[in-house]
Structures are given as C-alpha cells and as structure tokens.
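Student: First the structure, which I've put down as structure tokens, then a few questions once you've had a look.
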Protein chains: 2
Amino acid sequence: MGFKPDIVNLMKELLHQHISNHVTIPEKERDRFCNLFKHQLVKRKSFLLQEGETCKFEGFVIKGLFRVYHIDQNGFENILYFAIENWWITDIDSFTNNTPSQLYIEALEDSEVLLISKKDKEFAYINLPQIEKLFRIMTQKTHVALQRRMIDNLSKTADQRYLDFIKKYPQLLQRLTNLQIAAYLGISHEFLSKIRKKIVTGS
Amino acid sequence: MGFKPDIVNLMKELLHQHISNHVTIPEKERDRFCNLFKHQLVKRKSFLLQEGETCKFEGFVIKGLFRVYHIDQNGFENILYFAIENWWITDIDSFTNNTPSQLYIEALEDSEVLLISKKDKEFAYINLPQIEKLFRIMTQKTHVALQRRMIDNLSKTADQRYLDFIKKYPQLLQRLTNLQIAAYLGISHEFLSKIRKKIVTGS
DNA sequence: CAAAAAGATTGAACAAGTTCAATAAATACA
DNA sequence: TGTATTTATTGAACTTGTTCAATCTTTTTG
C-alpha cells in the first residue's frame, strides 16, 4: 500500500470518530477497518454511480454534498436522499444484490469520500466482529429515517412536507436549490415556488 | 419456564428454517435464540401495538396477517406495510429508540406470532454472534424494500402503483379489502374503485 | 338466519398539484 | 467582465386525486 500522507490520516479521524460514536470497538480493530478505505475527490457535478452500473462501493462522506436520485419514465428526477459530512452513501439495493442500479449518485459540491469495496466490506464482516454491529446499527438508523419519511409522504400535504424540511434541515437548505428540494419532496419546482410565496405572504 | 407443548416446538420450526435461510449458524446457537421467543395468539381486529405505547417486542409471524399503520391528523389511515407468515413485525423506530410509537399493529386475521423482548434481543446480540448478522441482513432487506417503495411512490401514478401491487402480491390481494390496499397505496378507496373500473373496462 | 356493520361503487363538485410558456434573477465560467 | 446557462417566479389551462353523499353488496356476528 505504501505511505499514507498525513492529510488522509487526518480525514480518517472523522471516520474513527463516527465509528466510536456508534459501537465500542478495540482501537486495533477500528484501525484495520479504516485502512480498508480509499480516499477519493469527487468534483461537483460528477458521479459516483450512474443508472445501470452495479454499485461496488460504500462511501463515507468527509466533505461536500451528494444527492442520490432516480430518473423516472417521464425523465423526472426524484431525490431519495442527500448525504453530507458523516453520512454514508451507496445504493444498498444494487450493492447487496449485485444488480444494476436504478440510481445516480452525484456530487452537488466539490466533495471528498472514503470508499470501501464490497470485497473489503465482506472481509470486515468476517474478521472484525464489531463491524457487523456497526452496520446493523447504521442500517437501522437509515431505515428509521426512511420509515418516518414514508409516513410523512403518505399522510402530509406538500406544504407541510416543505415546512418540515426547512425545520429539520435548515443548514442543508442553504446548500440546495429549490429544484433539488422539490425533487426531494416529490413535487414540481413550480409548485414549490407557489408554496413558498404562500408562506411568505402569509397564506 | 416449564414444559413446551409439541405444537409450539413445531411452530418454532418455521423460525428455525427462516434463520437458516439467512445465516450459517450452529444448531445450538440457533436453538438458544429460538427459545427466547414466546408464542402468542392474536385474534382478528386485536392489536399488538397502539399509538403512544413504546414497542417492547419484535415479532415473527407464524400464521395470519397483520397491518402496520399510522393515523394522521385528519384521521386517515396510512398503511406502512403488511406482514404475513415468515415476516417480522415491529415498530423499529419505537423499539430501538424507546420512544412512543406513532403506529398501530393490528391482526387482520386470527394470527400467531413468536415474540422476543428487547432485553432478550439484546442478550442475543451480546451472546449469539450470528444473530447480529441475521438482523443486519434482515434490516438491509426491509430497507431495500422500503427504498424501492419510496422510489415508486415518488415516481409513479396511483394507477401504476396499483398495477404493480397486484402483480407483486397476487396472493396477498385476496386476503385484503380495497380499503386496505388504498391505504397502502396512499389514495382514497373511492379513487381506487375508479382505477379498478378503468382497468376492467379497458381505460 | 336476520340484523347490523363493513366494504364497494358511482357521480358531482372541489382541491391539490402539473404542465407549459413567458420572463426575470442568479450563477457559472470562458 | 460579459455571456451563457441554470434557477426562480408567475399565470392559465389542465390532470390527478379528494370529498361528500347516496346506493348497493358482502361479511360479520348475535
């Protein structure tokens, strides 16, 4: 593997911290796991994954912002989630089932990720017992988040979902365009514009 | 604990089989895990969980059919998922975070479940290493299913979602009313009725 | 088996959200 | 810095889906 520049080790600190926040793990095991990751720069508007490819990685965002989206039959973009610093990105469907992805993963800002391959992740599951627990917990968390969103999408109007969004992710709001927010909320950007007007003018 | 009737052991066979289908596990470890479950009959129209309660169990359906749903501000029921034989039921949000549930879990038929308490599940995570893996895999699977449904709900019309549903769950269809299917698809039952008419009469 | 309750269908009026087109504002980038 | 591109706003016409009310059918249960 050769030398690792200090800057990369510094970035892995973020991952160290993240892991220790979720599981109790011997330092050595944690370091072995972290060393399975490769650092990668991802320029704004470039893709980590595109539809039709099989997702071969799981990524941990060190810096920047990604969107994970799907393009439907009408050419409409639907955003499944955004990922910022300290979040994981992958298409879990494609990654676990080795099937072509329906999704695009695109950097919305110049970004940096740590990537682990499927083979190395499987190595970790077999040899590093706490990693199984880490991903059981992380998958639970993302599942809970998606379940909450599903309930909201089934039971709330677009107005309410937008108000919830700006309340829940105020910092993210400033890094996104209204087109992206609309694609996340599942409405047209024109309609979002009208919702915003209604809110400002006070209904 | 006393004697276990043969009938209960027979039911645990279903759980045995389910576990072995997902992980490689020593027989002894699997049996220790299965013995943590209690068998329970659940009559049609009765509840395993109601809104406001904290979900203290995870359940494996042996027989029957459940719906997991949420009642919104307008008193509308939104069904998150159905669970039949060999499926797990819980409110993972309430169960993992020890928070009051937003959900109801109701038997739609006279049903039977095997239930494990939170304490016993934690015991299993600590003492039975393959159980961590089992639930990592199961949570991944349910997450993938929910992700697919989220994409469909964002990108497809109600007509398409209904056609997908009857194609994907033909056997479930016969055990559900159209009210329940509508509550799963996120539409009114009147509108579902109109969709069905349109399909029969051929647009 | 009969009565009651729940489920299904239909139509008319309405509300939520889309589409298209035009214009203005902000941002990217050569 | 200026030009091209992307983003945001607005209105009018349209589509999708809701609501309410009435009627009919099926299922449940005493």
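Letters A, B, ... mark the chains of the structure tokens in the order given; residue numbers begin at 1 per chain; ligand numbers begin at 1, in order shown.
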Compute the chain A side of the contact with chain B at 9 Å, counting only C-alpha atoms, and hand it back as a PyMOL selection string.
Tutor: chain A and resi 69-74+76-80+92-93+96+125+129+132-133+135-137+139-151+153-156+183-187
Student: Please produce, as a tab-separated table, a per-residue contact table for chain A versus chain D (criterion: any atom at most 9 Å away, only C-alpha atoms (C1' of nucleotides) considered), showing the nearest atom pair and its distance in Å to one decimal, sorted by chain then residue number.
Tutor:
```
residue	atom	partner	partner_atom	distance
A:Thr177	CA	D:DT7	C1'	7.6
A:Asn178	CA	D:DT7	C1'	8.0
A:Leu179	CA	D:DT7	C1'	7.7
A:His189	CA	D:DA8	C1'	8.7
A:Glu190	CA	D:DT9	C1'	7.9
A:Ser193	CA	D:DT9	C1'	6.8
A:Lys194	CA	D:DT9	C1'	8.2
```
Student: Using only C-alpha atoms (C1' of nucleotides), tabulate the residues of chain C lying at most 12 Å from any atom of chain B, each with its closest atom pair and that distance in Å to one decimal, by chain and increasing residue number, as a Markdown table.
Tutor:
```
| residue | atom | partner | partner_atom | distance |
| --- | --- | --- | --- | --- |
| C:DA6 | C1' | B:Thr177 | CA | 10.3 |
| C:DG7 | C1' | B:Thr177 | CA | 7.4 |
| C:DA8 | C1' | B:Ser193 | CA | 7.4 |
| C:DT9 | C1' | B:Ser193 | CA | 6.8 |
| C:DT10 | C1' | B:Lys194 | CA | 8.6 |
| C:DG11 | C1' | B:Lys194 | CA | 11.1 |
```
Student: Using DSSP secondary structure from the backbone, list all alpha helix (DSSP H) positions within stretch 26-192 of chain B, as a count of residues only.
Tutor: 78
Student: Quick check for you: according to DSSP on this backbone, which residues of stretch 83-125 of chain A are classed as strand (DSSP E)? Reply as a list in words.
Tutor: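 Everything in stretch 83-125 of chain A that counts as strand (DSSP E) is Ala83, Ile84, Trp88, Ile89, Leu103, Tyr104, Ile105, Glu106, Ala107, Ser111, Glu112, Val113, Leu114, Leu115, Ile116 and Ser117 of chain A.
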Student: Write out the residues from the selection above, keeping N, CA, C and O atoms, as a tab-separated table (two decimals), in the first residue's frame.
Tutor:
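File written: result-v5.tsv
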```tsv
chain	number	residue	atom	x	y	z
A	83	ALA	N	-26.66	13.46	1.06
A	83	ALA	CA	-25.65	12.99	2.01
A	83	ALA	C	-24.58	14.06	2.19
A	83	ALA	O	-23.99	14.53	1.20
A	84	ILE	N	-24.38	14.48	3.44
A	84	ILE	CA	-23.32	15.45	3.74
A	84	ILE	C	-22.27	14.78	4.61
A	84	ILE	O	-22.27	13.56	4.75
A	88	TRP	N	-23.27	8.09	5.18
A	88	TRP	CA	-22.88	7.03	4.26
A	88	TRP	C	-23.65	7.17	2.96
A	88	TRP	O	-24.80	7.58	2.95
A	89	ILE	N	-22.99	6.83	1.85
A	89	ILE	CA	-23.70	6.77	0.57
A	89	ILE	C	-23.41	5.48	-0.17
A	89	ILE	O	-22.27	5.04	-0.27
A	103	LEU	N	-30.20	4.09	-9.73
A	103	LEU	CA	-29.92	5.38	-9.11
A	103	LEU	C	-28.68	6.07	-9.67
A	103	LEU	O	-27.80	5.43	-10.25
A	104	TYR	N	-28.66	7.37	-9.49
A	104	TYR	CA	-27.47	8.19	-9.72
A	104	TYR	C	-27.00	8.73	-8.38
A	104	TYR	O	-27.82	9.15	-7.56
A	105	ILE	N	-25.68	8.74	-8.18
A	105	ILE	CA	-25.13	9.42	-7.01
A	105	ILE	C	-24.20	10.50	-7.54
A	105	ILE	O	-23.18	10.21	-8.18
A	106	GLU	N	-24.56	11.75	-7.29
A	106	GLU	CA	-23.86	12.89	-7.89
A	106	GLU	C	-23.41	13.87	-6.82
A	106	GLU	O	-24.18	14.17	-5.89
A	107	ALA	N	-22.20	14.38	-6.97
A	107	ALA	CA	-21.71	15.41	-6.05
A	107	ALA	C	-22.34	16.75	-6.43
A	107	ALA	O	-22.31	17.15	-7.59
A	111	SER	N	-16.36	17.47	-3.47
A	111	SER	CA	-16.53	16.63	-2.28
A	111	SER	C	-15.37	15.66	-2.11
A	111	SER	O	-14.54	15.49	-3.01
A	112	GLU	N	-15.35	15.05	-0.94
A	112	GLU	CA	-14.37	14.01	-0.65
A	112	GLU	C	-15.05	12.87	0.08
A	112	GLU	O	-15.85	13.09	0.99
A	113	VAL	N	-14.72	11.65	-0.35
A	113	VAL	CA	-15.30	10.46	0.29
A	113	VAL	C	-14.22	9.44	0.60
A	113	VAL	O	-13.16	9.43	-0.03
A	114	LEU	N	-14.51	8.59	1.58
A	114	LEU	CA	-13.73	7.39	1.80
A	114	LEU	C	-14.57	6.22	1.29
A	114	LEU	O	-15.73	6.09	1.66
A	115	LEU	N	-13.96	5.41	0.42
A	115	LEU	CA	-14.71	4.32	-0.21
A	115	LEU	C	-14.18	2.97	0.22
A	115	LEU	O	-12.97	2.77	0.32
A	116	ILE	N	-15.10	2.05	0.46
A	116	ILE	CA	-14.72	0.66	0.74
A	116	ILE	C	-15.38	-0.23	-0.31
A	116	ILE	O	-16.54	0.00	-0.68
A	117	SER	N	-14.62	-1.20	-0.78
A	117	SER	CA	-15.16	-2.11	-1.80
A	117	SER	C	-16.00	-3.19	-1.14
A	117	SER	O	-15.93	-3.42	0.07
```
Student: Applying 12 Å and only C-alpha atoms (C1' of nucleotides), which residues near B:Phe37 remain after dropping the ones on its own chain fewer than 6 positions away? List them as a VMD selection string.
Tutor: chain B and resid 1 4 8 to 9 11 to 12 15 to 16 30 to 31 57 to 62 113 to 121 124
Student: Generate a file of the selected residues that holds N, CA and C atoms, formatted as a PDB file, in the first residue's frame.
Tutor:
```
ATOM      1  N   MET B   1     -39.754 -22.028  33.360  1.00  0.00           N
ATOM      2  CA  MET B   1     -40.492 -21.956  32.093  1.00  0.00           C
ATOM      3  C   MET B   1     -41.454 -23.144  31.927  1.00  0.00           C
ATOM      4  N   LYS B   4     -42.752 -27.349  27.220  1.00  0.00           N
ATOM      5  CA  LYS B   4     -43.210 -26.703  25.985  1.00  0.00           C
ATOM      6  C   LYS B   4     -43.987 -27.718  25.169  1.00  0.00           C
ATOM      7  N   VAL B   8     -45.922 -25.908  19.966  1.00  0.00           N
ATOM      8  CA  VAL B   8     -45.070 -24.719  19.981  1.00  0.00           C
ATOM      9  C   VAL B   8     -43.733 -25.031  19.324  1.00  0.00           C
ATOM     10  N   ASN B   9     -43.152 -26.173  19.646  1.00  0.00           N
ATOM     11  CA  ASN B   9     -41.892 -26.542  19.008  1.00  0.00           C
ATOM     12  C   ASN B   9     -42.049 -26.637  17.497  1.00  0.00           C
ATOM     13  N   MET B  11     -44.036 -24.885  15.718  1.00  0.00           N
ATOM     14  CA  MET B  11     -44.075 -23.536  15.166  1.00  0.00           C
ATOM     15  C   MET B  11     -42.684 -22.934  15.081  1.00  0.00           C
ATOM     16  N   LYS B  12     -41.873 -23.278  16.069  1.00  0.00           N
ATOM     17  CA  LYS B  12     -40.512 -22.735  16.058  1.00  0.00           C
ATOM     18  C   LYS B  12     -39.706 -23.293  14.886  1.00  0.00           C
ATOM     19  N   LEU B  15     -39.404 -20.696  12.343  1.00  0.00           N
ATOM     20  CA  LEU B  15     -38.369 -19.715  12.685  1.00  0.00           C
ATOM     21  C   LEU B  15     -36.972 -20.291  12.432  1.00  0.00           C
ATOM     22  N   HIS B  16     -36.771 -21.549  12.857  1.00  0.00           N
ATOM     23  CA  HIS B  16     -35.508 -22.257  12.557  1.00  0.00           C
ATOM     24  C   HIS B  16     -35.165 -22.140  11.078  1.00  0.00           C
ATOM     25  N   ARG B  30     -28.636 -21.375  17.344  1.00  0.00           N
ATOM     26  CA  ARG B  30     -29.957 -21.117  16.781  1.00  0.00           C
ATOM     27  C   ARG B  30     -31.052 -21.505  17.772  1.00  0.00           C
ATOM     28  N   ASP B  31     -30.906 -22.666  18.418  1.00  0.00           N
ATOM     29  CA  ASP B  31     -31.923 -23.120  19.371  1.00  0.00           C
ATOM     30  C   ASP B  31     -31.994 -22.201  20.592  1.00  0.00           C
ATOM     31  N   PHE B  57     -41.308  -5.247  21.712  1.00  0.00           N
ATOM     32  CA  PHE B  57     -41.122  -6.584  21.143  1.00  0.00           C
ATOM     33  C   PHE B  57     -40.706  -6.512  19.682  1.00  0.00           C
ATOM     34  N   GLU B  58     -40.170  -7.631  19.234  1.00  0.00           N
ATOM     35  CA  GLU B  58     -40.042  -7.859  17.815  1.00  0.00           C
ATOM     36  C   GLU B  58     -40.750  -9.187  17.575  1.00  0.00           C
ATOM     37  N   GLY B  59     -41.541  -9.271  16.510  1.00  0.00           N
ATOM     38  CA  GLY B  59     -42.368 -10.448  16.311  1.00  0.00           C
ATOM     39  C   GLY B  59     -42.095 -11.134  14.986  1.00  0.00           C
ATOM     40  N   PHE B  60     -42.233 -12.455  15.000  1.00  0.00           N
ATOM     41  CA  PHE B  60     -42.092 -13.251  13.776  1.00  0.00           C
ATOM     42  C   PHE B  60     -43.439 -13.926  13.520  1.00  0.00           C
ATOM     43  N   VAL B  61     -44.026 -13.642  12.374  1.00  0.00           N
ATOM     44  CA  VAL B  61     -45.377 -14.128  12.095  1.00  0.00           C
ATOM     45  C   VAL B  61     -45.340 -15.596  11.670  1.00  0.00           C
ATOM     46  N   ILE B  62     -46.073 -16.413  12.406  1.00  0.00           N
ATOM     47  CA  ILE B  62     -46.163 -17.855  12.156  1.00  0.00           C
ATOM     48  C   ILE B  62     -47.381 -18.159  11.294  1.00  0.00           C
ATOM     49  N   VAL B 113     -48.000 -15.342  16.498  1.00  0.00           N
ATOM     50  CA  VAL B 113     -46.648 -14.782  16.385  1.00  0.00           C
ATOM     51  C   VAL B 113     -45.739 -15.369  17.442  1.00  0.00           C
ATOM     52  N   LEU B 114     -44.441 -15.308  17.149  1.00  0.00           N
ATOM     53  CA  LEU B 114     -43.423 -15.566  18.157  1.00  0.00           C
ATOM     54  C   LEU B 114     -42.823 -14.217  18.524  1.00  0.00           C
ATOM     55  N   LEU B 115     -42.808 -13.900  19.804  1.00  0.00           N
ATOM     56  CA  LEU B 115     -42.354 -12.576  20.237  1.00  0.00           C
ATOM     57  C   LEU B 115     -41.072 -12.678  21.046  1.00  0.00           C
ATOM     58  N   ILE B 116     -40.163 -11.735  20.798  1.00  0.00           N
ATOM     59  CA  ILE B 116     -38.953 -11.636  21.619  1.00  0.00           C
ATOM     60  C   ILE B 116     -38.922 -10.247  22.235  1.00  0.00           C
ATOM     61  N   SER B 117     -38.546 -10.199  23.500  1.00  0.00           N
ATOM     62  CA  SER B 117     -38.490  -8.898  24.191  1.00  0.00           C
ATOM     63  C   SER B 117     -37.197  -8.185  23.839  1.00  0.00           C
ATOM     64  N   LYS B 118     -37.177  -6.895  24.120  1.00  0.00           N
ATOM     65  CA  LYS B 118     -35.994  -6.085  23.855  1.00  0.00           C
ATOM     66  C   LYS B 118     -34.793  -6.612  24.635  1.00  0.00           C
ATOM     67  N   LYS B 119     -35.054  -6.947  25.904  1.00  0.00           N
ATOM     68  CA  LYS B 119     -33.982  -7.428  26.769  1.00  0.00           C
ATOM     69  C   LYS B 119     -33.375  -8.718  26.211  1.00  0.00           C
ATOM     70  N   ASP B 120     -34.235  -9.628  25.803  1.00  0.00           N
ATOM     71  CA  ASP B 120     -33.745 -10.901  25.264  1.00  0.00           C
ATOM     72  C   ASP B 120     -33.042 -10.706  23.925  1.00  0.00           C
ATOM     73  N   LYS B 121     -33.492  -9.729  23.165  1.00  0.00           N
ATOM     74  CA  LYS B 121     -32.821  -9.483  21.888  1.00  0.00           C
ATOM     75  C   LYS B 121     -31.423  -8.915  22.137  1.00  0.00           C
ATOM     76  N   ALA B 124     -29.204 -11.646  23.039  1.00  0.00           N
ATOM     77  CA  ALA B 124     -28.795 -12.398  21.851  1.00  0.00           C
ATOM     78  C   ALA B 124     -27.674 -11.677  21.096  1.00  0.00           C
TER      79      ALA B 124
END
```
Student: Could you state the separation of atom CA of B:Thr99 and atom CA of B:His18 in Å, given to one decimal place?
Tutor: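 Separation between atom CA of B:Thr99 and atom CA of B:His18: 28.8 Å.
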Student: Which polymer residues have any atom within 7 Å of an atom of stretch 157-167 of chain A, counting only C-alpha atoms (C1' of nucleotides), with same-chain residues fewer than 3 positions away left out, as a list in words?
Tutor: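 Residues meeting the cut-off are Pro170, Leu173, Leu185 and Ile195 of chain A.
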